[in-house]
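A.B. asks: My structure file query35.cif, mmCIF, N, CA and C atoms, is below:
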```
data_my_file
#
loop_
_atom_site.label_atom_id
_atom_site.label_comp_id
_atom_site.auth_asym_id
_atom_site.auth_seq_id
_atom_site.Cartn_x
_atom_site.Cartn_y
_atom_site.Cartn_z
N MET Y 1 -0.16 -3.21 -26.42
CA MET Y 1 -0.39 -4.30 -25.48
C MET Y 1 -1.08 -3.71 -24.25
N THR Y 2 -2.16 -4.33 -23.83
CA THR Y 2 -2.89 -3.87 -22.64
C THR Y 2 -2.16 -4.35 -21.39
N HIS Y 3 -2.57 -3.78 -20.26
CA HIS Y 3 -2.00 -4.20 -18.98
C HIS Y 3 -2.25 -5.68 -18.74
N GLU Y 4 -3.45 -6.13 -19.02
CA GLU Y 4 -3.79 -7.54 -18.79
C GLU Y 4 -2.96 -8.46 -19.68
N GLU Y 5 -2.74 -8.06 -20.93
CA GLU Y 5 -1.92 -8.86 -21.84
C GLU Y 5 -0.46 -8.92 -21.36
N LEU Y 6 0.04 -7.78 -20.92
CA LEU Y 6 1.40 -7.74 -20.39
C LEU Y 6 1.53 -8.61 -19.15
N LYS Y 7 0.54 -8.54 -18.28
CA LYS Y 7 0.53 -9.35 -17.06
C LYS Y 7 0.50 -10.84 -17.40
N ALA Y 8 -0.34 -11.21 -18.33
CA ALA Y 8 -0.43 -12.62 -18.75
C ALA Y 8 0.90 -13.09 -19.33
N LYS Y 9 1.51 -12.26 -20.13
CA LYS Y 9 2.81 -12.62 -20.71
C LYS Y 9 3.86 -12.78 -19.62
N ALA Y 10 3.89 -11.85 -18.68
CA ALA Y 10 4.86 -11.92 -17.58
C ALA Y 10 4.62 -13.16 -16.72
N PHE Y 11 3.35 -13.47 -16.47
CA PHE Y 11 3.02 -14.61 -15.62
C PHE Y 11 3.28 -15.95 -16.29
N SER Y 12 3.55 -15.95 -17.58
CA SER Y 12 3.93 -17.20 -18.24
C SER Y 12 5.29 -17.66 -17.75
N ASN Y 13 6.05 -16.75 -17.13
CA ASN Y 13 7.32 -17.08 -16.50
C ASN Y 13 7.02 -17.41 -15.03
N ALA Y 14 7.26 -18.65 -14.62
CA ALA Y 14 6.92 -19.11 -13.27
C ALA Y 14 7.59 -18.28 -12.18
N LYS Y 15 8.83 -17.86 -12.42
CA LYS Y 15 9.54 -17.07 -11.40
C LYS Y 15 8.89 -15.71 -11.21
N VAL Y 16 8.50 -15.09 -12.30
CA VAL Y 16 7.83 -13.78 -12.22
C VAL Y 16 6.51 -13.93 -11.47
N LYS Y 17 5.75 -14.95 -11.83
CA LYS Y 17 4.46 -15.17 -11.17
C LYS Y 17 4.65 -15.41 -9.68
N GLN Y 18 5.64 -16.19 -9.29
CA GLN Y 18 5.90 -16.47 -7.88
C GLN Y 18 6.27 -15.20 -7.12
N GLU Y 19 7.13 -14.38 -7.71
CA GLU Y 19 7.53 -13.12 -7.07
C GLU Y 19 6.32 -12.21 -6.88
N TYR Y 20 5.47 -12.15 -7.87
CA TYR Y 20 4.25 -11.34 -7.78
C TYR Y 20 3.37 -11.85 -6.63
N GLU Y 21 3.19 -13.16 -6.56
CA GLU Y 21 2.38 -13.75 -5.50
C GLU Y 21 3.01 -13.52 -4.13
N ASN Y 22 4.33 -13.51 -4.05
CA ASN Y 22 5.01 -13.25 -2.79
C ASN Y 22 4.76 -11.83 -2.29
N LEU Y 23 4.45 -10.93 -3.19
CA LEU Y 23 4.21 -9.54 -2.82
C LEU Y 23 2.73 -9.21 -2.63
N GLU Y 24 1.87 -10.19 -2.69
CA GLU Y 24 0.43 -9.93 -2.64
C GLU Y 24 0.01 -9.18 -1.37
N SER Y 25 0.58 -9.50 -0.22
CA SER Y 25 0.17 -8.79 1.00
C SER Y 25 0.55 -7.31 0.94
N GLU Y 26 1.72 -7.01 0.36
CA GLU Y 26 2.12 -5.62 0.21
C GLU Y 26 1.20 -4.89 -0.76
N PHE Y 27 0.84 -5.56 -1.87
CA PHE Y 27 -0.08 -4.96 -2.83
C PHE Y 27 -1.45 -4.73 -2.19
N ALA Y 28 -1.89 -5.66 -1.37
CA ALA Y 28 -3.19 -5.52 -0.71
C ALA Y 28 -3.18 -4.32 0.23
N LEU Y 29 -2.09 -4.15 0.98
CA LEU Y 29 -1.99 -3.01 1.88
C LEU Y 29 -1.97 -1.71 1.08
N LEU Y 30 -1.22 -1.67 0.00
CA LEU Y 30 -1.17 -0.47 -0.83
C LEU Y 30 -2.57 -0.13 -1.35
N ARG Y 31 -3.28 -1.13 -1.88
CA ARG Y 31 -4.64 -0.89 -2.38
C ARG Y 31 -5.53 -0.34 -1.26
N ALA Y 32 -5.43 -0.93 -0.08
CA ALA Y 32 -6.26 -0.50 1.05
C ALA Y 32 -5.95 0.94 1.44
N VAL Y 33 -4.67 1.30 1.47
CA VAL Y 33 -4.26 2.66 1.82
C VAL Y 33 -4.79 3.65 0.80
N LEU Y 34 -4.60 3.35 -0.48
CA LEU Y 34 -5.02 4.28 -1.52
C LEU Y 34 -6.54 4.40 -1.61
N VAL Y 35 -7.25 3.29 -1.43
CA VAL Y 35 -8.72 3.33 -1.45
C VAL Y 35 -9.23 4.11 -0.24
N ALA Y 36 -8.64 3.87 0.92
CA ALA Y 36 -9.08 4.58 2.13
C ALA Y 36 -8.87 6.09 1.98
N ARG Y 37 -7.73 6.49 1.41
CA ARG Y 37 -7.49 7.92 1.22
C ARG Y 37 -8.47 8.49 0.21
N GLN Y 38 -8.71 7.76 -0.87
CA GLN Y 38 -9.66 8.24 -1.88
C GLN Y 38 -11.06 8.37 -1.27
N ASN Y 39 -11.48 7.37 -0.51
CA ASN Y 39 -12.81 7.40 0.11
C ASN Y 39 -12.94 8.50 1.14
N SER Y 40 -11.83 8.85 1.78
CA SER Y 40 -11.87 9.89 2.81
C SER Y 40 -12.01 11.29 2.20
N GLY Y 41 -11.60 11.42 0.93
CA GLY Y 41 -11.63 12.73 0.29
C GLY Y 41 -10.49 13.62 0.74
N LEU Y 42 -9.54 13.06 1.49
CA LEU Y 42 -8.41 13.84 1.99
C LEU Y 42 -7.25 13.79 1.01
N SER Y 43 -6.54 14.89 0.93
CA SER Y 43 -5.33 14.95 0.11
C SER Y 43 -4.13 14.52 0.96
N GLN Y 44 -3.00 14.34 0.32
CA GLN Y 44 -1.79 14.05 1.06
C GLN Y 44 -1.48 15.20 2.02
N GLU Y 45 -1.75 16.41 1.61
CA GLU Y 45 -1.52 17.57 2.47
C GLU Y 45 -2.40 17.51 3.72
N ASP Y 46 -3.67 17.12 3.54
CA ASP Y 46 -4.59 17.01 4.67
C ASP Y 46 -4.10 15.96 5.67
N ILE Y 47 -3.67 14.83 5.14
CA ILE Y 47 -3.20 13.74 6.00
C ILE Y 47 -1.94 14.17 6.75
N ALA Y 48 -1.04 14.84 6.04
CA ALA Y 48 0.20 15.31 6.66
C ALA Y 48 -0.12 16.24 7.83
N GLU Y 49 -1.07 17.12 7.63
CA GLU Y 49 -1.45 18.05 8.70
C GLU Y 49 -2.01 17.29 9.90
N LYS Y 50 -2.88 16.32 9.66
CA LYS Y 50 -3.47 15.53 10.74
C LYS Y 50 -2.42 14.72 11.49
N MET Y 51 -1.37 14.28 10.76
CA MET Y 51 -0.33 13.46 11.37
C MET Y 51 0.80 14.31 11.95
N GLY Y 52 0.75 15.61 11.72
CA GLY Y 52 1.81 16.49 12.20
C GLY Y 52 3.11 16.27 11.45
N MET Y 53 3.00 16.01 10.17
CA MET Y 53 4.17 15.71 9.34
C MET Y 53 4.15 16.61 8.12
N LYS Y 54 5.24 16.56 7.37
CA LYS Y 54 5.31 17.28 6.10
C LYS Y 54 4.66 16.43 5.01
N THR Y 55 4.13 17.10 4.00
CA THR Y 55 3.51 16.39 2.88
C THR Y 55 4.50 15.45 2.21
N SER Y 56 5.76 15.83 2.15
CA SER Y 56 6.77 14.97 1.53
C SER Y 56 6.88 13.64 2.24
N ALA Y 57 6.66 13.62 3.56
CA ALA Y 57 6.71 12.37 4.32
C ALA Y 57 5.55 11.45 3.94
N ILE Y 58 4.40 12.02 3.65
CA ILE Y 58 3.25 11.22 3.22
C ILE Y 58 3.50 10.67 1.83
N ARG Y 59 4.06 11.50 0.95
CA ARG Y 59 4.41 11.00 -0.39
C ARG Y 59 5.41 9.85 -0.28
N GLN Y 60 6.39 9.98 0.61
CA GLN Y 60 7.39 8.93 0.80
C GLN Y 60 6.73 7.66 1.33
N LEU Y 61 5.80 7.80 2.28
CA LEU Y 61 5.11 6.64 2.83
C LEU Y 61 4.35 5.91 1.73
N GLU Y 62 3.58 6.64 0.95
CA GLU Y 62 2.81 6.01 -0.12
C GLU Y 62 3.71 5.41 -1.19
N SER Y 63 4.78 6.11 -1.55
CA SER Y 63 5.67 5.57 -2.57
C SER Y 63 6.43 4.36 -2.05
N ALA Y 64 6.73 4.32 -0.74
CA ALA Y 64 7.39 3.15 -0.16
C ALA Y 64 6.49 1.92 -0.30
N LEU Y 65 5.19 2.11 -0.15
CA LEU Y 65 4.25 1.01 -0.34
C LEU Y 65 4.22 0.56 -1.79
N ILE Y 66 4.41 1.51 -2.70
CA ILE Y 66 4.38 1.18 -4.12
C ILE Y 66 5.64 0.45 -4.55
N ASN Y 67 6.80 0.97 -4.14
CA ASN Y 67 8.05 0.38 -4.64
C ASN Y 67 8.69 -0.62 -3.69
N GLY Y 68 8.13 -0.78 -2.49
CA GLY Y 68 8.64 -1.79 -1.56
C GLY Y 68 9.96 -1.44 -0.91
N LYS Y 69 10.45 -0.25 -1.13
CA LYS Y 69 11.71 0.17 -0.52
C LYS Y 69 11.41 0.83 0.82
N GLN Y 70 12.19 0.51 1.81
CA GLN Y 70 12.02 1.08 3.14
C GLN Y 70 10.55 1.05 3.56
N PHE Y 71 10.01 -0.15 3.64
CA PHE Y 71 8.62 -0.34 3.99
C PHE Y 71 8.32 0.40 5.30
N PRO Y 72 7.25 1.18 5.36
CA PRO Y 72 6.96 1.95 6.57
C PRO Y 72 6.66 1.04 7.76
N SER Y 73 6.94 1.55 8.94
CA SER Y 73 6.68 0.79 10.16
C SER Y 73 5.18 0.65 10.37
N LEU Y 74 4.80 -0.34 11.15
CA LEU Y 74 3.38 -0.53 11.48
C LEU Y 74 2.85 0.68 12.24
N ALA Y 75 3.70 1.25 13.09
CA ALA Y 75 3.28 2.44 13.84
C ALA Y 75 2.93 3.58 12.89
N ARG Y 76 3.75 3.76 11.85
CA ARG Y 76 3.49 4.84 10.88
C ARG Y 76 2.22 4.53 10.09
N ILE Y 77 2.02 3.30 9.69
CA ILE Y 77 0.81 2.93 8.94
C ILE Y 77 -0.42 3.10 9.83
N LYS Y 78 -0.29 2.75 11.11
CA LYS Y 78 -1.41 2.92 12.06
C LYS Y 78 -1.77 4.40 12.19
N LYS Y 79 -0.77 5.25 12.31
CA LYS Y 79 -1.01 6.69 12.43
C LYS Y 79 -1.67 7.23 11.15
N TYR Y 80 -1.22 6.74 10.00
CA TYR Y 80 -1.82 7.12 8.72
C TYR Y 80 -3.30 6.72 8.71
N ALA Y 81 -3.57 5.49 9.12
CA ALA Y 81 -4.96 5.01 9.15
C ALA Y 81 -5.82 5.88 10.06
N GLU Y 82 -5.29 6.23 11.21
CA GLU Y 82 -6.04 7.07 12.15
C GLU Y 82 -6.34 8.44 11.56
N ALA Y 83 -5.41 8.98 10.76
CA ALA Y 83 -5.63 10.27 10.10
C ALA Y 83 -6.79 10.17 9.12
N LEU Y 84 -7.05 8.97 8.62
CA LEU Y 84 -8.16 8.73 7.69
C LEU Y 84 -9.43 8.31 8.42
N ASN Y 85 -9.39 8.36 9.76
CA ASN Y 85 -10.50 7.89 10.59
C ASN Y 85 -10.76 6.41 10.36
N CYS Y 86 -9.66 5.65 10.25
CA CYS Y 86 -9.70 4.20 10.08
C CYS Y 86 -8.86 3.57 11.19
N HIS Y 87 -8.90 2.27 11.27
CA HIS Y 87 -7.98 1.55 12.15
C HIS Y 87 -7.32 0.44 11.37
N LEU Y 88 -6.19 0.00 11.86
CA LEU Y 88 -5.40 -1.03 11.19
C LEU Y 88 -5.73 -2.38 11.81
N GLU Y 89 -6.00 -3.36 10.97
CA GLU Y 89 -6.21 -4.73 11.42
C GLU Y 89 -5.18 -5.61 10.74
N ILE Y 90 -4.52 -6.44 11.52
CA ILE Y 90 -3.54 -7.38 10.98
C ILE Y 90 -3.95 -8.76 11.46
N LYS Y 91 -3.91 -9.72 10.56
CA LYS Y 91 -4.26 -11.07 10.97
C LYS Y 91 -3.35 -12.07 10.28
N LEU Y 92 -3.14 -13.17 10.93
CA LEU Y 92 -2.39 -14.28 10.34
C LEU Y 92 -3.39 -15.31 9.88
N VAL Y 93 -3.18 -15.81 8.68
CA VAL Y 93 -4.09 -16.80 8.10
C VAL Y 93 -3.28 -18.05 7.82
N HIS Y 94 -3.73 -19.16 8.34
CA HIS Y 94 -3.02 -20.43 8.14
C HIS Y 94 -3.05 -20.84 6.69
N ASN Y 95 -1.91 -21.24 6.16
CA ASN Y 95 -1.83 -21.72 4.79
C ASN Y 95 -2.50 -23.08 4.67
N GLU Y 96 -3.20 -23.27 3.62
CA GLU Y 96 -3.89 -24.55 3.42
C GLU Y 96 -2.97 -25.57 2.80
#
```
Would you mind writing the file out in structure tokens?
C.D. replies:
Amino acid sequence: MTHEELKAKAFSNAKVKQEYENLESEFALLRAVLVARQNSGLSQEDIAEKMGMKTSAIRQLESALINGKQFPSLARIKKYAEALNCHLEIKLVHNE
């Protein structure tokens, strides 16, 4: 079974689909963080050095975004972004 087939099967359950949609902003942030790091060419070790932290702390930050446990503070995400020569933008969008 492919990922897409598994996803389609899971989404046939309305509760699963709703939970997934509820997490979309977290998934978007995770994608943005991982893409920014990939585009920067920096390793977790490089980012840790720039942030004055241990590499394990960067692994924890990225894994927290993946598993949703102990979501990192905005200050920590902002510092991470700055280490990548990026800035953090947050906006509220009115629901239609």
A.B. asks: Compile the contact shell of Gln44 of chain Y as number ranges by chain: residues with an atom at most 9 Å away, counting only C-alpha atoms, same-chain residues fewer than 2 positions apart removed.
C.D. replies: Y: 37, 42, 46-49, 55-56, 58-59
A.B. asks: Between atom CA of Leu84 of chain Y and atom N of Arg31 of chain Y, what is the distance in Å, rounded to a tenth?
C.D. replies: 14.6 Å
A.B. asks: Tell me which of Y:Leu92, Y:Ile66, Y:Asn39, Y:Leu6 sits closest to Phe27 of chain Y, counting all atoms listed in the file.
C.D. replies: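 Ranked by minimum distance to Phe27 of chain Y, first place goes to Y:Ile66.
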A.B. asks: Report the distance between atom CA of Glu62 of chain Y and atom CA of Leu34 of chain Y in Å, rounded to one decimal place.
C.D. replies: 8.1 Å
A.B. asks: Counting only N, CA and C atoms, which residue out of Y:Lys50, Y:Ala14, Y:Glu19, Y:Met1 sits closest to Lys79 of chain Y?
C.D. replies: Y:Lys50
A.B. asks: Of the residues Y:Val33, Y:Gly41, Y:Ser25, Y:Leu61, which is the one nearest to His87 of chain Y, using only C-alpha atoms?
C.D. replies: Y:Val33
A.B. asks: Calculate how many Å separate atom CA of Glu21 of chain Y from atom CA of His94 of chain Y, rounding to one decimal.
C.D. replies: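 Here the two named atoms are 16.1 Å from each other.
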